[in-house]
Amino acid sequence: MSRRVLVTGGASGLGAALVAEFVARGDRVLICDLQAPAEGTGADYLRLNVTSDDDWAAALAWVNEQWGGLDVLVNNAGIASGGRIDVATIEEWQRVIDINLLGVVRGCRTFTPGFKAQGSGHIVNTASLAGLVHPPGMSSYTAVKAGVVALSETLSYELDPFGIFVTAICPGFFRTNLASSIAGSDTAVGHIAARLIEKSTYVPDQIAAQVMAGIDEQAMVVVPDEPARLAVWAKANERPTYDQEQRNFAARIKAIAEQAEHTEGTS
């Protein structure tokens with residue numbers, strides 16, 4: 001049976017891969033993004049800024065007028081962020097909170113009344129492995145992604161009596177254009193994060209296939225790649241080793257930052 005699906009951040013990366021999966025299944029899809037998707041996606045497009053209440057209202061109006069409702073909401077839009085606590089600015093914190101957390105909140109608030117009225121619906125929120133494990137140098141990102149995981153768990157219980165399912169997606173690093181959105185005061189941490197993304201052997205299509213399997217199972221949390229699953233397992237079962245690895249990573253950040261500062265000071 002064809003579903004009506006809205007995907008934020010659906011023009012590229014994981015969002016585009018999820019759009020392709022839904023379209024391949026015969027679902028009707030609306031891509032909501034700041035940029036238009038490539039041609040030939042088989043989906044409709046509506047420009048949407050997830051920080052804009054007016055844009056969310058326009059998306060709701062479009063869905064109701066064109067489809068008479070929605071079946072699946074995928075809150076996928078987001079940016080990369082990070083930085084040491086004494087380097088990243090409050091303005092950078094406010095930006096990632098508004099996009100990565102409150103953007104998800106706005107989407108849930110916009111479409112939950114319609115889901116309740118029809119007695120069905122599925123909300124899919126893209127969080128991150130960073131919402132489950134919390135490495136150094138990424139406090140703004142881990143905080144908002146942990147918030148998305150917490151929000152999703154709360155809503156999965158809150159909305160269950162109305163026949164609404166909620167799934168949080170928690171992938172690790174995979175090759176995507178997310179690295180291009182890394183911008184901030186802490187360039188040392190930004191370079192490390194970009195390298196980790198670029199070195200990953202996973203691509204969005206692989207992650208999307210696993211996410212779709214989790215959606216089919218109506219799972220509360222989907223950890224779609226093996227390295228991410230190993231990290232979650234290590235935190236739960238090998239905590240001393242996990243803690244030491246995180247401290248080693250922090251020492252690496254310190255060394256890289258000091259080297260960069262030395263280089264800048266001698267140039």
# chains A, B, ... in the order shown; residues from 1 in each chain; ligands from 1
>>> select_by_dssp(residues="region 32-243 of chain A", states="strand (DSSP E)", output="list in words")
Cys32, Asp33, Asp44, Tyr45, Leu46, Arg47, Val72, Leu73, Val74, Asn75, Gly121, His122, Ile123, Val124, Asn125, Thr126, Ile164, Phe165, Val166, Thr167, Ala168, Ile169, Val221 and Val222 of chain A
>>> write_last_selection(atoms="C-alpha atoms", output="PDB file, in the first residue's frame")
ATOM      1  CA  CYS A  32      11.581  19.301   2.009  1.00  0.00           C
ATOM      2  CA  ASP A  33      14.964  20.979   1.864  1.00  0.00           C
ATOM      3  CA  ASP A  44       7.807  16.281  -5.171  1.00  0.00           C
ATOM      4  CA  TYR A  45       9.777  19.173  -3.696  1.00  0.00           C
ATOM      5  CA  LEU A  46       8.947  22.008  -1.312  1.00  0.00           C
ATOM      6  CA  ARG A  47      11.510  24.428   0.028  1.00  0.00           C
ATOM      7  CA  VAL A  72       5.473   8.911   7.504  1.00  0.00           C
ATOM      8  CA  LEU A  73       7.413  11.968   8.682  1.00  0.00           C
ATOM      9  CA  VAL A  74      11.210  11.719   8.400  1.00  0.00           C
ATOM     10  CA  ASN A  75      12.945  14.490  10.356  1.00  0.00           C
ATOM     11  CA  GLY A 121       1.508   7.472  11.566  1.00  0.00           C
ATOM     12  CA  HIS A 122       5.226   6.926  11.849  1.00  0.00           C
ATOM     13  CA  ILE A 123       7.764   9.568  12.908  1.00  0.00           C
ATOM     14  CA  VAL A 124      11.388   8.841  12.012  1.00  0.00           C
ATOM     15  CA  ASN A 125      13.987  11.120  13.610  1.00  0.00           C
ATOM     16  CA  THR A 126      17.581  11.108  12.416  1.00  0.00           C
ATOM     17  CA  ILE A 164       1.724   6.308  16.138  1.00  0.00           C
ATOM     18  CA  PHE A 165       5.214   4.778  15.998  1.00  0.00           C
ATOM     19  CA  VAL A 166       8.454   6.699  16.558  1.00  0.00           C
ATOM     20  CA  THR A 167      11.915   5.588  15.436  1.00  0.00           C
ATOM     21  CA  ALA A 168      15.302   7.193  16.171  1.00  0.00           C
ATOM     22  CA  ILE A 169      18.094   6.551  13.652  1.00  0.00           C
ATOM     23  CA  VAL A 221      16.096   2.800  17.830  1.00  0.00           C
ATOM     24  CA  VAL A 222      17.968   1.784  14.684  1.00  0.00           C
TER      25      VAL A 222
END
>>> residues_around(residues="Arg84 (chain A)", least_positions_apart="5", cutoff="7 Å", atoms="only C-alpha atoms", output="compact mmCIF listing (two decimals) with all heavy atoms, in the first residue's frame")
# COMPACT_ATOMS: atom_id res chain seq x y z
N GLY A 137 35.19 16.70 22.40
CA GLY A 137 35.29 17.66 21.31
C GLY A 137 34.02 17.85 20.51
O GLY A 137 34.02 18.57 19.51
N MET A 138 32.93 17.23 20.92
CA MET A 138 31.69 17.27 20.15
C MET A 138 30.48 17.60 21.03
O MET A 138 29.38 17.15 20.77
CB MET A 138 31.46 15.92 19.47
CG MET A 138 32.50 15.52 18.47
SD MET A 138 32.23 13.84 17.81
CE MET A 138 30.59 14.01 17.09
N ASP A 186 36.23 25.98 16.23
CA ASP A 186 37.22 24.97 16.54
C ASP A 186 37.60 24.21 15.27
O ASP A 186 37.09 23.13 14.98
CB ASP A 186 36.70 24.01 17.61
CG ASP A 186 37.82 23.26 18.31
OD1 ASP A 186 38.90 23.12 17.71
OD2 ASP A 186 37.61 22.82 19.45
>>> residues_around(residues="Ala16 (chain A)", least_positions_apart="4", cutoff="10 Å", atoms="only C-alpha atoms", output="list in words")
Val7, Thr8, Gly9, Gly10, Ala11, Ser12, Ala20, Glu21, Phe22, Ile31, Pro37, Ala38, Thr41, Asn76, Pro204, Asp205 and Ala208 of chain A
>>> write_last_selection(atoms="N, CA and C atoms", output="PDB file, in the first residue's frame")
ATOM      1  N   VAL A   7      10.167  13.924   3.768  1.00  0.00           N
ATOM      2  CA  VAL A   7      11.551  13.769   4.221  1.00  0.00           C
ATOM      3  C   VAL A   7      12.226  15.131   4.219  1.00  0.00           C
ATOM      4  N   THR A   8      12.617  15.621   5.394  1.00  0.00           N
ATOM      5  CA  THR A   8      13.396  16.860   5.442  1.00  0.00           C
ATOM      6  C   THR A   8      14.861  16.527   5.159  1.00  0.00           C
ATOM      7  N   GLY A   9      15.564  17.491   4.578  1.00  0.00           N
ATOM      8  CA  GLY A   9      16.936  17.223   4.188  1.00  0.00           C
ATOM      9  C   GLY A   9      17.027  16.115   3.155  1.00  0.00           C
ATOM     10  N   GLY A  10      16.000  16.019   2.319  1.00  0.00           N
ATOM     11  CA  GLY A  10      15.903  14.900   1.389  1.00  0.00           C
ATOM     12  C   GLY A  10      16.578  15.108   0.049  1.00  0.00           C
ATOM     13  N   ALA A  11      17.271  16.241  -0.122  1.00  0.00           N
ATOM     14  CA  ALA A  11      17.884  16.525  -1.418  1.00  0.00           C
ATOM     15  C   ALA A  11      19.265  15.905  -1.569  1.00  0.00           C
ATOM     16  N   SER A  12      19.866  15.466  -0.466  1.00  0.00           N
ATOM     17  CA  SER A  12      21.229  14.935  -0.556  1.00  0.00           C
ATOM     18  C   SER A  12      21.492  13.982   0.602  1.00  0.00           C
ATOM     19  N   ALA A  20      14.959   7.690  -2.175  1.00  0.00           N
ATOM     20  CA  ALA A  20      15.039   6.669  -3.228  1.00  0.00           C
ATOM     21  C   ALA A  20      14.440   5.346  -2.767  1.00  0.00           C
ATOM     22  N   GLU A  21      14.655   4.996  -1.504  1.00  0.00           N
ATOM     23  CA  GLU A  21      14.090   3.754  -0.966  1.00  0.00           C
ATOM     24  C   GLU A  21      12.560   3.821  -0.935  1.00  0.00           C
ATOM     25  N   PHE A  22      12.026   4.932  -0.451  1.00  0.00           N
ATOM     26  CA  PHE A  22      10.564   5.077  -0.386  1.00  0.00           C
ATOM     27  C   PHE A  22       9.946   5.069  -1.782  1.00  0.00           C
ATOM     28  N   ILE A  31       9.995  15.894  -0.803  1.00  0.00           N
ATOM     29  CA  ILE A  31      11.301  16.316  -0.303  1.00  0.00           C
ATOM     30  C   ILE A  31      11.190  17.740   0.194  1.00  0.00           C
ATOM     31  N   PRO A  37      16.266  19.113  -5.069  1.00  0.00           N
ATOM     32  CA  PRO A  37      16.950  17.841  -5.366  1.00  0.00           C
ATOM     33  C   PRO A  37      17.324  17.744  -6.833  1.00  0.00           C
ATOM     34  N   ALA A  38      18.157  16.774  -7.134  1.00  0.00           N
ATOM     35  CA  ALA A  38      18.467  16.489  -8.531  1.00  0.00           C
ATOM     36  C   ALA A  38      17.205  16.021  -9.246  1.00  0.00           C
ATOM     37  N   THR A  41      14.090  12.268  -9.290  1.00  0.00           N
ATOM     38  CA  THR A  41      13.961  11.557  -8.005  1.00  0.00           C
ATOM     39  C   THR A  41      12.632  10.817  -7.897  1.00  0.00           C
ATOM     40  N   ASN A  76      14.966  14.480   9.027  1.00  0.00           N
ATOM     41  CA  ASN A  76      16.345  14.092   8.724  1.00  0.00           C
ATOM     42  C   ASN A  76      17.296  15.277   8.602  1.00  0.00           C
ATOM     43  N   PRO A 204      25.670   6.361   1.984  1.00  0.00           N
ATOM     44  CA  PRO A 204      24.280   6.564   2.393  1.00  0.00           C
ATOM     45  C   PRO A 204      23.328   5.448   1.987  1.00  0.00           C
ATOM     46  N   ASP A 205      23.512   4.864   0.802  1.00  0.00           N
ATOM     47  CA  ASP A 205      22.596   3.813   0.362  1.00  0.00           C
ATOM     48  C   ASP A 205      22.606   2.626   1.322  1.00  0.00           C
ATOM     49  N   ALA A 208      20.727   3.681   4.454  1.00  0.00           N
ATOM     50  CA  ALA A 208      19.293   3.814   4.189  1.00  0.00           C
ATOM     51  C   ALA A 208      18.608   2.454   4.138  1.00  0.00           C
TER      52      ALA A 208
END
>>> closest_residue(among="A:Gln210, A:Asn64, A:Gln244, A:Ser52", to="Gly114 (chain A)", atoms="only C-alpha atoms")
A:Asn64
>>> residues_around(residues="Ile207 (chain A)", least_positions_apart="2", cutoff="9 Å", atoms="only C-alpha atoms", output="PDB file with C-alpha atoms, in the first residue's frame")
ATOM      1  CA  LEU A  14      21.090  10.041   3.775  1.00  0.00           C
ATOM      2  CA  ALA A  17      19.005   7.742  -0.131  1.00  0.00           C
ATOM      3  CA  LEU A  18      15.886   7.353   2.008  1.00  0.00           C
ATOM      4  CA  PRO A 171      24.234   5.829  12.413  1.00  0.00           C
ATOM      5  CA  PHE A 174      29.443   7.381   6.699  1.00  0.00           C
ATOM      6  CA  TYR A 202      29.885   3.153   4.450  1.00  0.00           C
ATOM      7  CA  VAL A 203      27.798   5.136   1.966  1.00  0.00           C
ATOM      8  CA  PRO A 204      24.280   6.564   2.393  1.00  0.00           C
ATOM      9  CA  ASP A 205      22.596   3.813   0.362  1.00  0.00           C
ATOM     10  CA  ALA A 209      18.662   0.126   3.471  1.00  0.00           C
ATOM     11  CA  GLN A 210      19.215  -0.733   7.131  1.00  0.00           C
ATOM     12  CA  VAL A 211      17.085   2.201   8.265  1.00  0.00           C
ATOM     13  CA  MET A 212      14.197   1.020   6.086  1.00  0.00           C
ATOM     14  CA  PRO A 224      22.347   0.716  11.137  1.00  0.00           C
ATOM     15  CA  ASP A 225      26.080   0.018  10.845  1.00  0.00           C
TER      16      ASP A 225
END
>>> residues_around(residues="Ala88 (chain A)", least_positions_apart="6", cutoff="9 Å", atoms="only C-alpha atoms", output="list in words")
Gly82, Ser140, Gly184, Ser185 and Asp186 of chain A
>>> closest_residue(among="A:Gln35, A:Ser139, A:Ser2, A:Ser81", to="Trp67 (chain A)", atoms="only C-alpha atoms")
A:Ser2
>>> select_by_dssp(residues="region 17-141 of chain A", states="alpha helix (DSSP H)", output="count of residues only")
50
>>> residues_around(residues="region 234-243 of chain A", least_positions_apart="4", cutoff="12 Å", atoms="only C-alpha atoms", output="ChimeraX atom specification")
/A:129,132-136,227-230,247-250
